[in-house]
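K.L.:
If you scroll down you'll find the structure; I have some questions about it.
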There are 4 protein chains.
Amino acid sequence: MILEDERRSSARSTFGFKTYESPFTLRYGSDEMRQIWSQENSWIKARDVWIAVAGVQMEAGLVSRAEYQDLVDHRDEIDIETILRREMDKEDPRYTGHDIVAGISEFSDKAPLGGRILHKGLTSEDVLSNVEILLIHESLNIVEDRLKIALSGFAKRIEDHKDLVVVGFTHNQAAEPTTFGYRLARYAQDLVVDLESLRFLRGIVKGKGIKGAVGTSASFEKLLEGTEMTAEDHERKIMERLGIPAVTISGQTYPRKFTLMTVATLAFIGQSCHQFASDMKLLQASPFDEVAEPRRRGQVSSSAMAHKENPNNAENIKSLARGLIGKVVEAWINASEVTLERGLEDSAGKRSYLPEAFLAVDEILKRTDNIIRGLQVRETSIARNFRIFSPFMATETVLSHLSRGDVDRQEMHELLRGKVTLALDAVRNGDPNPLQQLLAEDEVISKYLDPEELEELFSSVRDHVGDAPERCERFLKNELYPAINGGNN
Amino acid sequence: MILEDERRSSARSTFGFKTYESPFTLRYGSDEMRQIWSQENSWIKARDVWIAVAGVQMEAGLVSRAEYQDLVDHRDEIDIETILRREMDKEDPRYTGHDIVAGISEFSDKAPLGGRILHKGLTSEDVLSNVEILLIHESLNIVEDRLKIALSGFAKRIEDHKDLVVVGFTHNQAAEPTTFGYRLARYAQDLVVDLESLRFLRGIVKGKGIKGAVGTSASFEKLLEGTEMTAEDHERKIMERLGIPAVTISGQTYPRKFTLMTVATLAFIGQSCHQFASDMKLLQASPFDEVAEPRRRGQVSSSAMAHKENPNNAENIKSLARGLIGKVVEAWINASEVTLERGLEDSAGKRSYLPEAFLAVDEILKRTDNIIRGLQVRETSIARNFRIFSPFMATETVLSHLSRGDVDRQEMHELLRGKVTLALDAVRNGDPNPLQQLLAEDEVISKYLDPEELEELFSSVRDHVGDAPERCERFLKNELYPAINGGNN
Amino acid sequence: MILEDERRSSARSTFGFKTYESPFTLRYGSDEMRQIWSQENSWIKARDVWIAVAGVQMEAGLVSRAEYQDLVDHRDEIDIETILRREMDKEDPRYTGHDIVAGISEFSDKAPLGGRILHKGLTSEDVLSNVEILLIHESLNIVEDRLKIALSGFAKRIEDHKDLVVVGFTHNQAAEPTTFGYRLARYAQDLVVDLESLRFLRGIVKGKGIKGAVGTSASFEKLLEGTEMTAEDHERKIMERLGIPAVTISGQTYPRKFTLMTVATLAFIGQSCHQFASDMKLLQASPFDEVAEPRRRGQVSSSAMAHKENPNNAENIKSLARGLIGKVVEAWINASEVTLERGLEDSAGKRSYLPEAFLAVDEILKRTDNIIRGLQVRETSIARNFRIFSPFMATETVLSHLSRGDVDRQEMHELLRGKVTLALDAVRNGDPNPLQQLLAEDEVISKYLDPEELEELFSSVRDHVGDAPERCERFLKNELYPAINGGNN
Amino acid sequence: MILEDERRSSARSTFGFKTYESPFTLRYGSDEMRQIWSQENSWIKARDVWIAVAGVQMEAGLVSRAEYQDLVDHRDEIDIETILRREMDKEDPRYTGHDIVAGISEFSDKAPLGGRILHKGLTSEDVLSNVEILLIHESLNIVEDRLKIALSGFAKRIEDHKDLVVVGFTHNQAAEPTTFGYRLARYAQDLVVDLESLRFLRGIVKGKGIKGAVGTSASFEKLLEGTEMTAEDHERKIMERLGIPAVTISGQTYPRKFTLMTVATLAFIGQSCHQFASDMKLLQASPFDEVAEPRRRGQVSSSAMAHKENPNNAENIKSLARGLIGKVVEAWINASEVTLERGLEDSAGKRSYLPEAFLAVDEILKRTDNIIRGLQVRETSIARNFRIFSPFMATETVLSHLSRGDVDRQEMHELLRGKVTLALDAVRNGDPNPLQQLLAEDEVISKYLDPEELEELFSSVRDHVGDAPERCERFLKNELYPAINGGNN
């Protein structure tokens, strides 16, 4: 039975406001990253593979210099609409129903001489698989650059704020003091791990090479019969021209594990930035108010409520990052369910999740960098919060001083808890934290600690940040700077 | 600190082959579904909300008929590029940095009189939240229609093949016989459940209503002071004009649980079709070869290997379906992490996962329908496979006949296993299954079963399909047909 | 080639502190739910299926009353260790390597008479599939009860706090006022949807019925030959005894879509509770401090820091809920990848994700109920926060009053923003919000608004909660109470 | 308000058949891996941390030799039930409600002298975080060993079958020939990447170190005042005793990115094995029948159907692997949503997903190894399938020979396609593939190719496996063997 084909009858008027356009076309990601994942770049890369193949086959004596040169000369004359039409538009007189066949046909129009030897011995995936790996590597370079830029932003702010004492929070409860720079170093340390992961990934992700329909190079052995070139040489020389190594073993395509690991590594970056953004949003909450995202001159959040400054970038980072874990799920299933020498189940999905994982990370890192460089650190609010909560942090030392006498530790603990409860009542009412005063006025406590000693204990809380500042310095010197100065990019 | 804004400096030359374009723009989904999720439709729907609001506020005496009519008259004069530029292009003299403010500004240009009262008392999400629910309902209607169409395709083929005996497979091992129609009824039964889920969902998913910045209707109480209309009436009348009910309680937006349930319900459909497609791909595997997808007249899979017929549609369905479960993950996180009266963390992600979940299901159902209607059922291959494997299915009955005599059941079982092993050797060698012959020739067995009895036992395997055909009929009559004839769509 | 079996050589000393024990054994979930998913309950349910089958086959004349009664009499004499040993311990003299065969063997020991007719005509999945659906329905009943209990807790607190004015927060920024009861109603509304989804699910999830190896009932047609009972009657009567309906069509098992939908519906509940818990954790953050989880008498969070009260329940709910979405992913893949009449790919995973999804929701709802009933609402802190942030909310009305005169609105807006900035400086410094005073002292503003009018505008912010209280009442009356009083449970 | 605590009132009779027991307790994973994740091992590791701390504090002069020695002497006297009871059973007279406090209390009972200085200066997470990293490293060692064992199994079979020609399948359609060893090398290449990832991971995953409540080491600076040891030395020396490095920067816990990356890396292994198992299941499908899993001597799949040999191990691997991607989702959310210096949201979930990810991979690799070592390669079936499908593979060469003459290539192509269709009819009917004969008999074709030439072309298909055998050797020599012989384990 023959059914009517449901393919689109025309590729014309495909784009624009009357059809669905992805936010990754309209809003998120850089133009640079979008260009990498454009139809045009992908087809130009396909031509680069064809040209590299023709060049090596010329070495082998199978292709003439004129044929090769014709391809080189017309590399940039490309008409994507024609290709798509020949692939998808069944009304087109030269309709093919096949992407690579359409691409061959269009390139052959432009370069008729070279067209005669185009795609010689290749299977479609000898082109497509290597193109995809090329695009991945181009994109990884951009991501690595953005990571390094963001990390250098972190470095500056860690340096700036390594001594700025802030209330540390565990379970969102005021805990011990830390420094703001030390807190920032925590996010940066995660991003340094991401940078290492990215570099590890780059070493893992290799091209399919030039191995034919089921990865055995059979067609190339036949093609090269009578020449002095082996199939192995043929592959090696082509991949050298393309600048990427090839796996030793393949099916029809490159191993789908690479797509999975790529998307997973991007999701690791997303995770670091999501955690950073979550904290930045929390610290921007009106009752915290310790930081603020950079704002454009004159930017108004609400015409009515002038005090509102929404954490737009933080929320946007979180949103885009969450998309990444969904994409990991998809990539995992696809890589786990390949059938024998190949299945096509990863194809439709990968057309969006791979580019969009890169575009999302691209945008995420851009915004992370934007936040970290422009972050307003509200020292007044930080000091207020420290005044409110630090007295509670002093109780530990107070108790240890009290316990040194002949007193019953348990009794003292209960006494202190009573005072803390009173102090909390005041804080809840918006009054200054009266704990130090309450202790000074207590007749039992004042027997063991005089007001000067109490003042010493309460004011020294500020110093209880351990070696946080030194660790910041050590981290920058030994880990962050070497990481951003290293790498093969 | 004021940073340079990183927003796109221009919305011009946004589309096309030199930038990233989603496969859901270029390839997957129907034009109809794409149109729903276009920028234009979304803005027209926003205008519909504004017009409904103005209409009701005219009833309340807050808006003049001329103002209202001006909005109505200019509803369709829209210039999306201007809106996007005023939202995102900071070089634009009327740049706003805010989507709804840009939309108001552009509509006011077209309808200056109505523009004076546009968006009166509203918060942005009084527009956007209801627009999104309208788009969801429009899309659900299309999905329901496609589901019903696909189910009617299944109905026909179940009817056609309800008596066609095939080898049943468990763990991919030939097991007992079933009928091809019965197998199809299994997929159809899942899709009927999906249709019920879709209808349940439609009853659940309600609009935000018209409740202002934090869902309390405070601004409308103030606005309507002195009129005879309450905020509750104001909301109810507007929602009646829009044709969707409103939740009783909301924050700034509609409950994000609805987005989650919508995407999950779409993923349920994706699951049914994925299972169907997996089986169809398996049955098309060369060594099975029991079915084939419909093919275009003259469609050639491989110029070299004329026997290849790739299961393109099945593989494509599986690929698109897997994207859906990734989107469920994203929607779940977003719905689980809303902060108080609202957060923006779902925004960036939802711009793609919601439309694309619909577009994916749209394409999946189109292709499912295409397969089921055009499926070639290869009765020759089915008969061949049945000849090869059905003799093994006869062993159970043979054993029970043998065991009726004075024989030792265990001994007979071992005897039979020996014969089965010999038969498997033949089958593996490509020879006809000799099991019946082997048993007939065995002197022990022939004592208990003569050749006619053996022939009877072996040939009756074909009848061992229980009540599969009757169940097909019952399912069609009691479940499938009522499901596709019911519903409020 | 025959390899040594790697199965566990002994089921003895399997449990305890020297081996891995799941937190769902040690910590999370109720004993009641754990009992449902125990080995013992599962095997007792299997016996219930066998007894129901024997009872119906007795009706058909295939089983004697004595045989049937023997099974009934020994239903509760069960020795799980023996069953597991016969399934898994290859040293056991009666090792079977098969769960159902082991279960038959052990039951037959206890009931030798009934054992003769045990499992007559059945395939293993005629038992296991129906057992699993029985366990699901038992568990759904518990979950429904817990949902209703939690909702009645919400009802009480919504009623209590429907008028308690609090600062509403969007993007964690102080926005307009709302009421605490209205905020709670938002979570409750989501849980009401979950309750509806649960009831919908219960109607969807049906047993496999009694249909044999590939769902065709072939073995039962043969078995019942010569009786007056059809295979359809046989199934119907057995399922009536078991109290669950059967699907019309099946493969070897019940449709895996049901497992997916079950886990997804549980994840919907998890999502509602996660959102609630996230907000409760945020409102417990020291700088908010508006609520506190119930605490045991004498419970101390930190011996040193008496002010700390960690949001343990909220954090625990979030943690358990996140596990649910991971389980949905797993269930989706399994349901999407069934092969033909059955595959076993869902088996190993389902042994944990199905029970643990129920146990997680069980614990989540218990803790949600614990929080909502015992929640301490800190009115002092709430009032403090309102004092701090509400003046900013007054600016909108102030501006509209100012704009009524002959003044330039833009100029006034800038004037107000200047004052707001000064007020923010004070707030950040921990001082009372001076905005009202700043406006009263400004000579331009005081021309248009005298101190009494300003006082009126600032103090009326408290009243700007719209119809939030009425909506609470309407929601309770029309939605929450009907939901918890309805249902078939 | 004080609520009744819902914690379990007793830890007694917690285990066994009357409660839920995880399949990872009962069935999956090795005893060795289960022991690592037992309560007992985890508490012994906690004691190891305490002992290491005491040892270093002895060096600093803060702890006496007798105190230290007391801890060392009683390290192995442990009573887990007491610990759990003191943590969770509020009826217990020494109930603490806190795991580490309970553990301190129980150890102090056993070692009263050492108990006096136990946990000196530490926060709970100085113990727990390092314990978890120790358990992860122990588990990674087992996984690495299993990976290497499985890879050596692959090596042997790749060697064995590197020349065994099989039909290659793309899209499940018979495509070009490959070799079975080359196919196996593809899975092995993925596992080699996994081994590299595992080693990379081991270098990344570091302990928290000894840094106190918010990671600043403040408590240790204070504790060590007056000694010659710095907080940095204190940490370094302790971690040296424990044998794991520490991160430079931390909050209260080790970075949750490490948990995410650990689970993700395990999911990468799961993906490789899932792909392998999927293919093995497919190749075991009755109509393929090219391989079979190893079976126990005398193992019977079905008493009735002696020919059935279910792919149990393959299906089990797939099932367990799918659980891993669900766990990655959970770990990602947890790592992305940490709040400031710590949140507890990862705690409840991590108690199961971390051990179970290891137990699942443990079982997956065991079964993968079991399959690969014991795999029956059915050369008879392989030869049959090759006879059936290889003639179609010859058409490509036939066409190129025909096209060399003065014939019209298009006409020849159509002629060939007609013959292929006839041949397919025969194949579908179970007859030998007659394609060669059909061509020999055709009068047009026989003009260009005589029977001997045709025979040559058809029989040479078997040789068209390119350099697959050489690539197998190269892969083993250059990649697989170096990988399993390398590593620091």
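Following the order of the structure tokens, chains are lettered A, B, ..., residues in each are numbered from 1, and ligands are numbered from 1.
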Need the shell around Ala277 (chain C): protein/DNA/RNA residues with any atom at most 9 Å away, counting only C-alpha atoms. Skip same-chain ones fewer than 5 positions apart. Format as a compact mmCIF listing (two decimals) with C-alpha atoms, in the first residue's frame?

P.N.:
# COMPACT_ATOMS: atom_id res chain seq x y z
CA SER C 272 2.72 19.70 45.61
CA LEU C 282 12.13 29.74 53.03
CA PRO C 311 13.42 22.85 58.97
CA ASN C 313 10.61 18.02 57.89
CA ALA C 314 10.57 20.45 55.01
CA GLU C 315 14.00 19.39 53.85
CA ASN C 316 13.12 15.74 54.21
CA ILE C 317 9.94 16.13 52.16
CA LYS C 318 11.90 17.82 49.39
CA THR C 368 3.31 17.42 55.38
CA ILE C 371 4.00 20.48 59.48

K.L.:
Specify as a PyMOL selection string all residues of chain B found within 7 Å of chain C, counting only C-alpha atoms.

P.N.:
chain B and resi 168-172+176+178+185-186+214+216-218+221+248-250+271-272+274-275+278-279+325+329+332+335-344+464-468+471+475

K.L.:
Using only C-alpha atoms, pick whichever of A:Glu125, A:Asp70, A:Glu21, A:Asp362 has the shortest atom-to-atom distance to Asp109 (chain A).

P.N.:
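Smallest distance to Asp109 (chain A) is found for A:Asp70.
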
K.L.:
Would you kindly return, as an mmCIF file with C-alpha atoms, in the first residue's frame, each protein, DNA or RNA residue with an atom no farther than 9 Å from any atom of Arg157 (chain B), considering only C-alpha atoms and excluding same-chain residues fewer than 6 positions away?

P.N.:
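This is the output file part_8.cif:
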data_model
loop_
_atom_site.group_PDB
_atom_site.id
_atom_site.type_symbol
_atom_site.label_atom_id
_atom_site.label_comp_id
_atom_site.auth_asym_id
_atom_site.auth_seq_id
_atom_site.Cartn_x
_atom_site.Cartn_y
_atom_site.Cartn_z
ATOM 1 C CA GLY B 181 -5.296 -7.917 15.506
ATOM 2 C CA LEU B 184 -2.734 -4.263 17.756
ATOM 3 C CA ILE B 372 -1.141 1.912 11.302
ATOM 4 C CA ARG B 373 -3.173 2.855 8.236
ATOM 5 C CA LEU B 375 1.094 -0.940 7.460
#

K.L.:
What residues in region 35-254 of chain C get the DSSP label strand (DSSP E or B)? Please answer as a VMD selection string.

P.N.:
chain C and resid 165 to 170 173 to 179 207 246

K.L.:
Would you mind listing what lies within 8 Å of Ala331 (chain A) as a list of chain:residue names, with only C-alpha atoms counted and same-chain residues fewer than 5 positions away left out?

P.N.:
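In the requested format, the answer is A:Thr259, A:Leu260, A:Val263, A:Asp346, A:Lys350.
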
K.L.:
May I have the selected residues written with C-alpha atoms, as an mmCIF file, in the first residue's frame?

P.N.:
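That gives us again16.cif:
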data_model
loop_
_atom_site.group_PDB
_atom_site.id
_atom_site.type_symbol
_atom_site.label_atom_id
_atom_site.label_comp_id
_atom_site.auth_asym_id
_atom_site.auth_seq_id
_atom_site.Cartn_x
_atom_site.Cartn_y
_atom_site.Cartn_z
ATOM 1 C CA THR A 259 26.687 12.677 22.927
ATOM 2 C CA LEU A 260 25.626 11.492 26.351
ATOM 3 C CA VAL A 263 25.344 16.692 27.404
ATOM 4 C CA ASP A 346 18.543 9.363 18.385
ATOM 5 C CA LYS A 350 19.424 15.074 18.891
#

K.L.:
With distances taken over only C-alpha atoms, which of D:Ser139, D:Ser42, D:Ser286, D:Ser152 is nearest to Gly103 (chain D)?

P.N.:
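Looking at the shortest contact to Gly103 (chain D), the residue is D:Ser42.
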
K.L.:
For the atom pair CA of Leu140 (chain A) and CA of Asp369 (chain A), what is the interatomic distance in Å to one decimal place?

P.N.:
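Between CA of Leu140 (chain A) and CA of Asp369 (chain A) the gap is 17.3 Å.
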
K.L.:
What is the distance, in Å and to one decimal place, between CA of Ala383 (chain A) and CA of Pro434 (chain A)?

P.N.:
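Result for CA of Ala383 (chain A) versus CA of Pro434 (chain A): 16.2 Å, one decimal.
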
K.L.:
Distance CA of Thr395 (chain A)-CA of Arg409 (chain A), one decimal place?

P.N.:
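According to the coordinates, CA of Thr395 (chain A) and CA of Arg409 (chain A) are separated by 12.9 Å.
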
K.L.:
For Leu71 (chain B), please output as a list of chain:residue names all residues within 10 Å (counting only C-alpha atoms; exclusion window: fewer than 5 positions along the same chain).

P.N.:
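Counting only the stated atoms, we get B:Arg47, B:Asp48, B:Trp50, B:Ile51, B:Ala52, B:Ala54, B:Gly55, B:Ala66, B:Asp76, B:Phe107, B:Ser108, B:Lys110, B:Ala111, B:Pro112, B:Leu113, B:Gly114, B:Gly115, B:Ile117, B:Leu118.
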
K.L.:
Which residues come within 10 Å of Leu438 (chain D), counting only C-alpha atoms, excluding same-chain residues fewer than 6 positions away, as a list in words?

P.N.:
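Counting only the stated atoms, we get Leu416, Lys419, Val420, Leu422, Ala423 and Ile445 of chain D.
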
K.L.:
Using all heavy atoms, can you export the residues from the last selection as an mmCIF file, in the first residue's frame?

P.N.:
data_model
loop_
_atom_site.group_PDB
_atom_site.id
_atom_site.type_symbol
_atom_site.label_atom_id
_atom_site.label_comp_id
_atom_site.auth_asym_id
_atom_site.auth_seq_id
_atom_site.Cartn_x
_atom_site.Cartn_y
_atom_site.Cartn_z
ATOM 1 N N LEU D 416 17.676 -5.069 -11.785
ATOM 2 C CA LEU D 416 18.127 -5.707 -10.538
ATOM 3 C C LEU D 416 17.055 -5.663 -9.471
ATOM 4 O O LEU D 416 16.838 -6.628 -8.736
ATOM 5 C CB LEU D 416 19.385 -5.004 -10.021
ATOM 6 C CG LEU D 416 20.717 -5.528 -10.543
ATOM 7 C CD1 LEU D 416 21.866 -4.707 -9.959
ATOM 8 C CD2 LEU D 416 20.885 -7.003 -10.167
ATOM 9 N N LYS D 419 14.601 -8.332 -9.805
ATOM 10 C CA LYS D 419 15.125 -9.638 -9.364
ATOM 11 C C LYS D 419 15.134 -9.717 -7.826
ATOM 12 O O LYS D 419 14.824 -10.762 -7.242
ATOM 13 C CB LYS D 419 16.551 -9.860 -9.884
ATOM 14 C CG LYS D 419 16.689 -9.773 -11.391
ATOM 15 C CD LYS D 419 15.883 -10.851 -12.102
ATOM 16 C CE LYS D 419 16.063 -10.734 -13.625
ATOM 17 N NZ LYS D 419 15.101 -11.588 -14.358
ATOM 18 N N VAL D 420 15.532 -8.602 -7.191
ATOM 19 C CA VAL D 420 15.571 -8.575 -5.720
ATOM 20 C C VAL D 420 14.178 -8.834 -5.164
ATOM 21 O O VAL D 420 14.006 -9.576 -4.192
ATOM 22 C CB VAL D 420 16.135 -7.227 -5.231
ATOM 23 C CG1 VAL D 420 15.825 -7.016 -3.750
ATOM 24 C CG2 VAL D 420 17.639 -7.169 -5.470
ATOM 25 N N LEU D 422 11.751 -10.501 -6.491
ATOM 26 C CA LEU D 422 11.452 -11.937 -6.627
ATOM 27 C C LEU D 422 12.188 -12.748 -5.566
ATOM 28 O O LEU D 422 11.638 -13.681 -4.972
ATOM 29 C CB LEU D 422 11.874 -12.434 -8.023
ATOM 30 C CG LEU D 422 10.990 -11.985 -9.179
ATOM 31 C CD1 LEU D 422 11.626 -12.400 -10.518
ATOM 32 C CD2 LEU D 422 9.580 -12.571 -9.035
ATOM 33 N N ALA D 423 13.433 -12.387 -5.342
ATOM 34 C CA ALA D 423 14.224 -13.123 -4.350
ATOM 35 C C ALA D 423 13.620 -12.957 -2.965
ATOM 36 O O ALA D 423 13.558 -13.899 -2.177
ATOM 37 C CB ALA D 423 15.675 -12.630 -4.362
ATOM 38 N N ILE D 445 21.387 -9.870 -18.316
ATOM 39 C CA ILE D 445 22.535 -9.891 -17.403
ATOM 40 C C ILE D 445 23.591 -10.881 -17.861
ATOM 41 O O ILE D 445 24.801 -10.621 -17.811
ATOM 42 C CB ILE D 445 22.058 -10.206 -15.971
ATOM 43 C CG1 ILE D 445 21.258 -8.997 -15.439
ATOM 44 C CG2 ILE D 445 23.229 -10.513 -15.046
ATOM 45 C CD1 ILE D 445 20.519 -9.242 -14.163
#

K.L.:
In region 298-477 of chain C, what's helix (DSSP H, G or I) per DSSP? Answer as a ChimeraX atom specification?

P.N.:
/C:312-336,347-374,379-402,409-428,435-441,443-448,451-463,468-477
